[in-house]
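A.B. asks: For reference, the file entry_32.cif (mmCIF, C-alpha atoms) is included below:
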```
data_model
#
loop_
_atom_site.group_PDB
_atom_site.id
_atom_site.type_symbol
_atom_site.label_atom_id
_atom_site.label_comp_id
_atom_site.auth_asym_id
_atom_site.auth_seq_id
_atom_site.Cartn_x
_atom_site.Cartn_y
_atom_site.Cartn_z
ATOM 1 C CA LEU A 1 -8.491 -31.576 30.545
ATOM 2 C CA GLY A 2 -5.174 -30.919 28.806
ATOM 3 C CA LYS A 3 -5.752 -33.703 26.260
ATOM 4 C CA LEU A 4 -9.300 -32.493 25.635
ATOM 5 C CA GLU A 5 -8.040 -28.964 25.009
ATOM 6 C CA VAL A 6 -5.451 -30.220 22.513
ATOM 7 C CA LYS A 7 -8.121 -32.238 20.689
ATOM 8 C CA LEU A 8 -10.434 -29.214 20.607
ATOM 9 C CA HIS A 9 -7.711 -26.999 19.164
ATOM 10 C CA GLU A 10 -6.894 -29.601 16.506
ATOM 11 C CA GLU A 11 -10.575 -29.871 15.540
ATOM 12 C CA ILE A 12 -10.912 -26.083 15.264
ATOM 13 C CA ALA A 13 -7.766 -25.918 13.113
ATOM 14 C CA ARG A 14 -9.145 -28.602 10.771
ATOM 15 C CA TYR A 15 -12.453 -26.737 10.586
ATOM 16 C CA ILE A 16 -10.711 -23.463 9.709
ATOM 17 C CA ASP A 17 -8.432 -25.026 7.094
ATOM 18 C CA LYS A 18 -11.439 -26.505 5.237
ATOM 19 C CA PHE A 19 -12.203 -22.977 4.014
ATOM 20 C CA GLU A 20 -9.576 -22.488 1.308
ATOM 21 C CA ASP A 21 -10.883 -19.039 0.312
ATOM 22 C CA ILE A 22 -10.669 -17.700 3.854
ATOM 23 C CA ASP A 23 -7.614 -15.545 4.563
ATOM 24 C CA VAL A 24 -8.483 -14.018 7.944
ATOM 25 C CA VAL A 25 -9.785 -15.744 11.074
ATOM 26 C CA VAL A 26 -11.297 -13.657 13.880
ATOM 27 C CA PHE A 27 -11.478 -15.079 17.416
ATOM 28 C CA SER A 28 -13.703 -13.156 19.805
ATOM 29 C CA GLY A 29 -14.381 -13.398 23.506
ATOM 30 C CA VAL A 30 -12.491 -13.280 26.761
ATOM 31 C CA PHE A 31 -10.475 -16.403 25.892
ATOM 32 C CA ALA A 32 -9.771 -15.348 22.304
ATOM 33 C CA GLU A 33 -6.034 -14.737 22.661
ATOM 34 C CA LYS A 34 -5.442 -17.987 24.556
ATOM 35 C CA MET A 35 -7.421 -19.996 22.023
ATOM 36 C CA ALA A 36 -5.774 -18.372 19.005
ATOM 37 C CA ALA A 37 -2.300 -19.015 20.412
ATOM 38 C CA GLN A 38 -2.991 -22.756 20.620
ATOM 39 C CA ILE A 39 -4.386 -23.218 17.113
ATOM 40 C CA LYS A 40 -1.913 -23.881 14.318
ATOM 41 C CA THR A 41 -2.990 -22.393 10.968
ATOM 42 C CA ASP A 42 -1.308 -20.528 8.119
ATOM 43 C CA LYS A 43 -4.159 -18.034 7.981
ATOM 44 C CA THR A 44 -3.945 -14.560 9.495
ATOM 45 C CA VAL A 45 -5.486 -14.593 12.986
ATOM 46 C CA LEU A 46 -7.033 -11.566 14.698
ATOM 47 C CA THR A 47 -8.293 -11.640 18.290
ATOM 48 C CA PHE A 48 -10.725 -9.286 20.021
ATOM 49 C CA LYS A 49 -12.467 -9.074 23.370
ATOM 50 C CA ASP A 50 -15.332 -6.769 22.421
ATOM 51 C CA SER A 51 -17.362 -5.872 19.351
ATOM 52 C CA GLU A 52 -16.226 -2.241 19.232
ATOM 53 C CA GLU A 53 -12.619 -3.377 18.848
ATOM 54 C CA VAL A 54 -13.644 -5.755 16.064
ATOM 55 C CA LEU A 55 -15.558 -3.072 14.186
ATOM 56 C CA THR A 56 -12.654 -0.648 14.353
ATOM 57 C CA GLU A 57 -10.183 -3.225 13.090
ATOM 58 C CA LEU A 58 -12.491 -4.297 10.265
ATOM 59 C CA GLU A 59 -12.995 -0.691 9.181
ATOM 60 C CA ASP A 60 -9.284 0.058 9.169
ATOM 61 C CA ILE A 61 -7.795 -3.183 7.953
ATOM 62 C CA VAL A 62 -9.838 -6.169 6.902
ATOM 63 C CA GLN A 63 -12.330 -4.886 4.324
ATOM 64 C CA GLU A 64 -12.147 -7.152 1.285
ATOM 65 C CA ASP A 65 -10.397 -10.120 2.876
ATOM 66 C CA ASP A 66 -12.552 -13.180 3.396
ATOM 67 C CA VAL A 67 -13.200 -13.539 7.114
ATOM 68 C CA LEU A 68 -14.237 -16.499 9.263
ATOM 69 C CA LEU A 69 -15.589 -15.634 12.709
ATOM 70 C CA VAL A 70 -14.967 -18.149 15.483
ATOM 71 C CA LYS A 71 -16.907 -17.285 18.620
ATOM 72 C CA GLY A 72 -15.632 -18.377 22.016
ATOM 73 C CA SER A 73 -17.879 -19.817 24.732
ATOM 74 C CA ARG A 74 -18.121 -16.411 26.382
ATOM 75 C CA GLY A 75 -17.696 -14.465 23.164
ATOM 76 C CA VAL A 76 -19.421 -11.189 22.377
ATOM 77 C CA THR A 77 -22.534 -11.158 20.233
ATOM 78 C CA MET A 78 -21.292 -11.185 16.643
ATOM 79 C CA ASP A 79 -24.498 -10.120 14.820
ATOM 80 C CA VAL A 80 -23.339 -6.521 14.470
ATOM 81 C CA VAL A 81 -19.868 -7.600 13.407
ATOM 82 C CA SER A 82 -21.237 -9.999 10.784
ATOM 83 C CA GLU A 83 -23.424 -7.240 9.328
ATOM 84 C CA LYS A 84 -20.422 -4.917 9.228
ATOM 85 C CA ILE A 85 -18.464 -7.486 7.226
ATOM 86 C CA LYS A 86 -21.349 -7.855 4.768
ATOM 87 C CA GLN A 87 -21.483 -4.071 4.287
ATOM 88 C CA ILE A 88 -17.758 -3.910 3.634
ATOM 89 C CA PHE A 89 -17.861 -6.765 1.137
ATOM 90 C CA ARG A 90 -20.784 -5.157 -0.707
ATOM 91 C CA ALA A 91 -18.737 -1.972 -1.172
ATOM 92 C CA LYS A 92 -16.692 -3.470 -3.993
ATOM 93 C CA ASP A 93 -14.526 -1.158 -6.036
ATOM 94 C CA ASP A 94 -14.190 -1.044 -9.846
ATOM 95 C CA LEU A 95 -10.796 -2.673 -9.289
ATOM 96 C CA LYS A 96 -12.350 -5.900 -7.975
ATOM 97 C CA ASP A 97 -11.126 -7.784 -11.058
ATOM 98 C CA LEU A 98 -7.506 -6.845 -10.430
ATOM 99 C CA ARG A 99 -5.394 -9.934 -11.180
ATOM 100 C CA ALA A 100 -2.984 -9.388 -8.260
ATOM 101 C CA GLY A 101 -3.710 -11.597 -5.266
ATOM 102 C CA CYS A 102 -3.420 -8.643 -2.886
ATOM 103 C CA ALA A 103 -3.128 -4.899 -3.470
ATOM 104 C CA ALA A 104 -3.997 -1.463 -2.156
ATOM 105 C CA ILE A 105 -4.121 2.187 -3.103
ATOM 106 C CA PHE A 106 -3.510 4.330 -0.035
ATOM 107 C CA ASP A 107 -3.863 8.106 0.323
ATOM 108 C CA LEU A 108 -1.025 9.148 2.646
ATOM 109 C CA ASP A 109 -2.343 12.691 3.065
ATOM 110 C CA ALA A 110 -5.823 11.565 4.074
ATOM 111 C CA ASP A 111 -4.419 8.476 5.841
ATOM 112 C CA LYS A 112 -7.008 6.158 4.336
ATOM 113 C CA TYR A 113 -7.453 3.402 1.779
ATOM 114 C CA ILE A 114 -8.849 4.260 -1.623
ATOM 115 C CA PHE A 115 -8.817 0.625 -2.703
ATOM 116 C CA ARG A 116 -7.838 -2.603 -1.027
ATOM 117 C CA LYS A 117 -7.817 -6.272 -1.878
ATOM 118 C CA ASN A 118 -6.767 -9.055 0.513
ATOM 119 C CA ILE A 119 -4.543 -6.686 2.468
ATOM 120 C CA LEU A 120 -3.953 -9.196 5.283
ATOM 121 C CA LYS A 121 -3.079 -12.060 2.965
ATOM 122 C CA ARG A 122 0.452 -13.323 3.601
ATOM 123 C CA TYR A 123 3.056 -13.154 0.870
ATOM 124 C CA ALA A 124 6.849 -13.125 0.619
ATOM 125 C CA PRO A 125 8.044 -9.501 0.346
ATOM 126 C CA ALA A 126 11.118 -10.313 -1.785
ATOM 127 C CA SER A 127 13.305 -7.215 -2.240
ATOM 128 C CA ASN A 128 10.874 -4.965 -0.369
ATOM 129 C CA THR A 129 12.696 -6.493 2.601
ATOM 130 C CA LYS A 130 15.506 -4.059 1.776
ATOM 131 C CA ILE A 131 13.318 -1.138 2.903
ATOM 132 C CA VAL A 132 13.662 -2.415 6.475
ATOM 133 C CA THR A 133 17.378 -3.070 5.954
ATOM 134 C CA ALA A 134 17.877 0.501 4.740
ATOM 135 C CA LEU A 135 15.913 2.128 7.570
ATOM 136 C CA LEU A 136 17.782 0.130 10.207
ATOM 137 C CA ALA A 137 21.127 0.920 8.601
ATOM 138 C CA LEU A 138 20.317 4.641 8.595
ATOM 139 C CA GLU A 139 19.181 4.443 12.204
ATOM 140 C CA ASN A 140 22.193 2.506 13.525
ATOM 141 C CA ALA A 141 25.203 3.590 11.464
ATOM 142 C CA ASN A 142 26.968 6.847 10.663
ATOM 143 C CA LEU A 143 26.726 8.248 7.140
ATOM 144 C CA ASP A 144 30.522 8.527 6.906
ATOM 145 C CA ASP A 145 31.151 4.929 8.040
ATOM 146 C CA GLU A 146 33.379 2.568 6.089
ATOM 147 C CA VAL A 147 31.798 -0.819 5.338
ATOM 148 C CA ILE A 148 34.237 -3.732 5.096
ATOM 149 C CA ILE A 149 33.087 -6.932 3.388
ATOM 150 C CA SER A 150 33.384 -9.760 5.904
ATOM 151 C CA GLU A 151 33.797 -13.486 5.359
ATOM 152 C CA GLU A 152 30.105 -13.922 6.247
ATOM 153 C CA VAL A 153 28.952 -12.149 3.070
ATOM 154 C CA PRO A 154 28.387 -15.089 0.669
ATOM 155 C CA ALA A 155 30.969 -15.715 -2.034
ATOM 156 C CA ARG A 156 28.157 -15.975 -4.600
ATOM 157 C CA TRP A 157 27.704 -12.218 -4.342
ATOM 158 C CA LYS A 158 31.118 -11.809 -6.002
ATOM 159 C CA LEU A 159 32.440 -9.328 -3.477
ATOM 160 C CA THR A 160 35.936 -9.625 -2.118
ATOM 161 C CA ALA A 161 36.481 -10.251 1.587
ATOM 162 C CA GLY A 162 38.170 -7.141 2.941
ATOM 163 C CA GLU A 163 36.798 -4.928 0.149
ATOM 164 C CA LYS A 164 35.856 -1.517 1.518
ATOM 165 C CA PHE A 165 32.888 0.671 0.641
ATOM 166 C CA LYS A 166 31.633 4.011 1.845
ATOM 167 C CA PHE A 167 28.420 3.532 3.816
ATOM 168 C CA MET A 168 26.364 5.760 1.517
ATOM 169 C CA ASP A 169 27.678 3.932 -1.561
ATOM 170 C CA CYS A 170 26.486 0.655 -0.036
ATOM 171 C CA LEU A 171 23.104 2.103 0.815
ATOM 172 C CA LYS A 172 22.583 3.640 -2.629
ATOM 173 C CA GLY A 173 23.708 0.495 -4.435
ATOM 174 C CA MET A 174 21.300 -1.611 -2.407
ATOM 175 C CA LEU A 175 18.291 0.668 -2.862
ATOM 176 C CA ILE A 176 18.816 1.748 -6.478
ATOM 177 C CA ALA A 177 19.695 -1.625 -7.994
ATOM 178 C CA SER A 178 18.251 -3.858 -5.250
ATOM 179 C CA ASP A 179 21.713 -5.312 -4.723
ATOM 180 C CA ASN A 180 21.645 -8.387 -2.461
ATOM 181 C CA ALA A 181 25.349 -8.380 -1.615
ATOM 182 C CA LEU A 182 25.277 -4.848 -0.273
ATOM 183 C CA ALA A 183 22.212 -5.670 1.845
ATOM 184 C CA ASP A 184 24.176 -8.440 3.561
ATOM 185 C CA ALA A 185 27.195 -6.147 3.865
ATOM 186 C CA LEU A 186 25.123 -3.475 5.619
ATOM 187 C CA ALA A 187 23.552 -6.084 7.906
ATOM 188 C CA VAL A 188 26.942 -7.351 9.068
ATOM 189 C CA HIS A 189 28.270 -3.802 9.425
ATOM 190 C CA VAL A 190 25.378 -2.739 11.655
ATOM 191 C CA ALA A 191 24.912 -5.848 13.809
ATOM 192 C CA GLY A 192 28.093 -7.896 13.462
ATOM 193 C CA SER A 193 26.243 -10.751 11.762
ATOM 194 C CA VAL A 194 23.223 -11.284 9.535
ATOM 195 C CA ALA A 195 21.512 -13.327 12.261
ATOM 196 C CA GLU A 196 21.758 -10.474 14.774
ATOM 197 C CA PHE A 197 20.581 -7.987 12.172
ATOM 198 C CA VAL A 198 17.516 -10.128 11.427
ATOM 199 C CA LYS A 199 16.621 -9.979 15.124
ATOM 200 C CA MET A 200 16.800 -6.185 14.889
ATOM 201 C CA MET A 201 14.580 -6.262 11.800
ATOM 202 C CA ASN A 202 11.869 -8.233 13.580
ATOM 203 C CA GLU A 203 12.036 -5.989 16.634
ATOM 204 C CA PHE A 204 11.768 -2.930 14.372
ATOM 205 C CA VAL A 205 8.694 -4.084 12.448
ATOM 206 C CA ASN A 206 7.003 -5.116 15.679
ATOM 207 C CA LYS A 207 7.675 -1.676 17.132
ATOM 208 C CA ILE A 208 6.008 0.132 14.225
ATOM 209 C CA GLY A 209 2.933 -2.094 14.387
ATOM 210 C CA MET A 210 3.625 -4.588 11.589
ATOM 211 C CA LYS A 211 1.860 -7.481 13.328
ATOM 212 C CA HIS A 212 1.842 -9.848 10.368
ATOM 213 C CA THR A 213 5.477 -9.599 9.248
ATOM 214 C CA GLY A 214 8.639 -11.587 9.946
ATOM 215 C CA PHE A 215 12.090 -11.913 8.396
ATOM 216 C CA VAL A 216 14.837 -14.519 8.211
ATOM 217 C CA ASP A 217 17.266 -12.613 5.961
ATOM 218 C CA ALA A 218 18.256 -9.028 5.135
ATOM 219 C CA TRP A 219 17.709 -9.003 1.373
ATOM 220 C CA GLY A 220 14.432 -10.840 0.775
ATOM 221 C CA GLY A 221 15.558 -14.061 -0.885
ATOM 222 C CA SER A 222 13.849 -16.498 1.472
ATOM 223 C CA ARG A 223 10.228 -17.546 1.003
ATOM 224 C CA LYS A 224 10.134 -17.776 4.800
ATOM 225 C CA ASN A 225 10.033 -13.989 4.960
ATOM 226 C CA PHE A 226 6.407 -12.926 5.186
ATOM 227 C CA THR A 227 4.315 -9.775 5.268
ATOM 228 C CA CYS A 228 1.005 -8.398 3.991
ATOM 229 C CA VAL A 229 -0.123 -5.269 2.169
ATOM 230 C CA ALA A 230 -1.474 -3.646 5.343
ATOM 231 C CA ASP A 231 1.918 -4.007 7.022
ATOM 232 C CA MET A 232 3.804 -2.746 3.973
ATOM 233 C CA ILE A 233 1.735 0.430 4.081
ATOM 234 C CA LYS A 234 2.770 0.920 7.711
ATOM 235 C CA LEU A 235 6.396 0.464 6.648
ATOM 236 C CA CYS A 236 6.068 2.913 3.769
ATOM 237 C CA LYS A 237 4.596 5.536 6.094
ATOM 238 C CA VAL A 238 7.844 5.381 8.068
ATOM 239 C CA ALA A 239 10.126 5.170 5.030
ATOM 240 C CA PHE A 240 8.518 8.073 3.194
ATOM 241 C CA LYS A 241 9.287 10.358 6.150
ATOM 242 C CA ASN A 242 13.008 9.588 5.865
ATOM 243 C CA LYS A 243 14.563 12.246 3.611
ATOM 244 C CA ILE A 244 17.747 10.271 2.874
ATOM 245 C CA PHE A 245 15.788 7.154 1.933
ATOM 246 C CA MET A 246 13.491 9.142 -0.348
ATOM 247 C CA SER A 247 16.350 10.975 -2.052
ATOM 248 C CA ILE A 248 17.971 7.652 -2.960
ATOM 249 C CA VAL A 249 14.979 5.661 -4.237
ATOM 250 C CA GLY A 250 14.264 8.342 -6.843
ATOM 251 C CA MET A 251 17.700 7.970 -8.491
ATOM 252 C CA GLU A 252 17.987 6.234 -11.883
ATOM 253 C CA GLU A 253 21.724 5.477 -11.815
ATOM 254 C CA TYR A 254 24.687 5.674 -9.470
ATOM 255 C CA LYS A 255 28.421 5.143 -10.024
ATOM 256 C CA PHE A 256 31.078 4.726 -7.360
ATOM 257 C CA SER A 257 34.287 2.892 -6.532
ATOM 258 C CA SER A 258 35.229 0.543 -3.707
ATOM 259 C CA THR A 259 38.824 -0.204 -2.798
ATOM 260 C CA VAL A 260 38.728 -3.025 -5.377
ATOM 261 C CA LYS A 261 36.791 -1.865 -8.437
ATOM 262 C CA GLU A 262 34.293 0.550 -9.977
ATOM 263 C CA TYR A 263 30.535 -0.072 -9.878
ATOM 264 C CA THR A 264 27.567 1.227 -11.869
ATOM 265 C CA PHE A 265 24.110 0.587 -10.504
ATOM 266 C CA LYS A 266 20.915 1.257 -12.463
ATOM 267 C CA THR A 267 17.481 1.381 -10.923
ATOM 268 C CA THR A 268 15.171 -1.615 -11.006
ATOM 269 C CA ASN A 269 12.214 0.726 -10.383
ATOM 270 C CA LYS A 270 10.652 0.887 -13.868
ATOM 271 C CA PRO A 271 8.098 3.667 -13.149
ATOM 272 C CA ILE A 272 10.889 6.240 -12.715
ATOM 273 C CA THR A 273 12.877 5.300 -15.844
#
```
Could the structure of this file be written out as structure tokens, please?

C.D. replies:
Amino acid sequence: LGKLEVKLHEEIARYIDKFEDIDVVVFSGVFAEKMAAQIKTDKTVLTFKDSEEVLTELEDIVQEDDVLLVKGSRGVTMDVVSEKIKQIFRAKDDLKDLRAGCAAIFDLDADKYIFRKNILKRYAPASNTKIVTALLALENANLDDEVIISEEVPARWKLTAGEKFKFMDCLKGMLIASDNALADALAVHVAGSVAEFVKMMNEFVNKIGMKHTGFVDAWGGSRKNFTCVADMIKLCKVAFKNKIFMSIVGMEEYKFSSTVKEYTFKTTNKPIT
């Protein structure tokens, strides 16, 4: 039976991967979670036990993603779900020709999407990773802390081992100019090592419901970091409630001194310049 199950899972994976335009796979039925866990695919996988749960998730998240439904042997009837998907896909917005592979416009006050495109499609978040780094640093350090550059912070960042920064200077430099070195410095300061900090990052995003996100570094350089638009909106909901975070990201320039030299950081956020 074990060998047959493995063969079945491999066949399903091959079947799914044939559909290059499909981004989201939905498994339904009482064995959905078990089946989904055994199938190896790079596509986003959602699992549901009943049609009501599927409909709610589609309404809130999936919308314009391409969806493949895989029904289990005891799966729920998917006729209603299939019709729901068709309705959603027919409700195309004027922004359907947007060149970006995935995007969204979200009304925070109304807590709803105005426009969405492939919001569950995986992509590497790059420096948006630093939003998580900043929130964790604010949550786990004191604002008057002193950050000392450790040997673990890579030499390529051109910081001096033993160089000392004020915590808020580090935070502002990282967020205003998207500075990679200061992201690593904050990670080591908070957790003792980048590896331990990354564990905290993944625990944090899981806690706030970012189901399709994972990190391997604190500054966003690795293509192994992954997220999706839907998860980034969940992150922004948290970040936008943090007054210190919001006061920093609106700054155009910031100057300060460490124990070694003076720094000037200018924003990389073009819309505010």

A.B. asks: How many Å separate CA of Asn242 (chain A) from CA of Ala185 (chain A)?

C.D. replies: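 Distance reported for this atom pair: 21.3 Å.
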
A.B. asks: For Val194 (chain A), work out the shell of residues within 10 Å, counting all atoms listed in the file and skipping chain neighbours fewer than 5 positions away, then give it as a ChimeraX atom specification.

C.D. replies: /A:152-153,183-189,199-200,216-218

A.B. asks: In Å, rounded to a single decimal, give me how far CA of Leu171 (chain A) is from CA of Glu252 (chain A).

C.D. replies: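 For CA of Glu252 (chain A) relative to CA of Leu171 (chain A), the distance reads 14.3 Å.
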
A.B. asks: Given the PyMOL selection byres ((chain A and resi 225) around 12) and the file above, list the residues it selects as a list of chain:residue names.

C.D. replies: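 Output of the PyMOL selection byres ((chain A and resi 225) around 12): A:Arg122, A:Tyr123, A:Ala124, A:Pro125, A:Ala126, A:Ser127, A:Asn128, A:Thr129, A:Lys130, A:Val198, A:Met201, A:Asn202, A:His212, A:Thr213, A:Gly214, A:Phe215, A:Val216, A:Asp217, A:Ala218, A:Trp219, A:Gly220, A:Gly221, A:Ser222, A:Arg223, A:Lys224, A:Phe226, A:Thr227, A:Cys228.
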
A.B. asks: Determine the residue set returned by the PyMOL selection byres ((chain A and resi 156-166) around 8) for the present structure, and present it as a VMD selection string.

C.D. replies: chain A and resid 144 to 151 153 to 155 167 to 170 180 to 181 257 to 260

A.B. asks: Please report the interatomic distance between CA of Thr41 (chain A) and CA of Tyr15 (chain A) in Å with one decimal.

C.D. replies: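 A separation of 10.4 Å between them.
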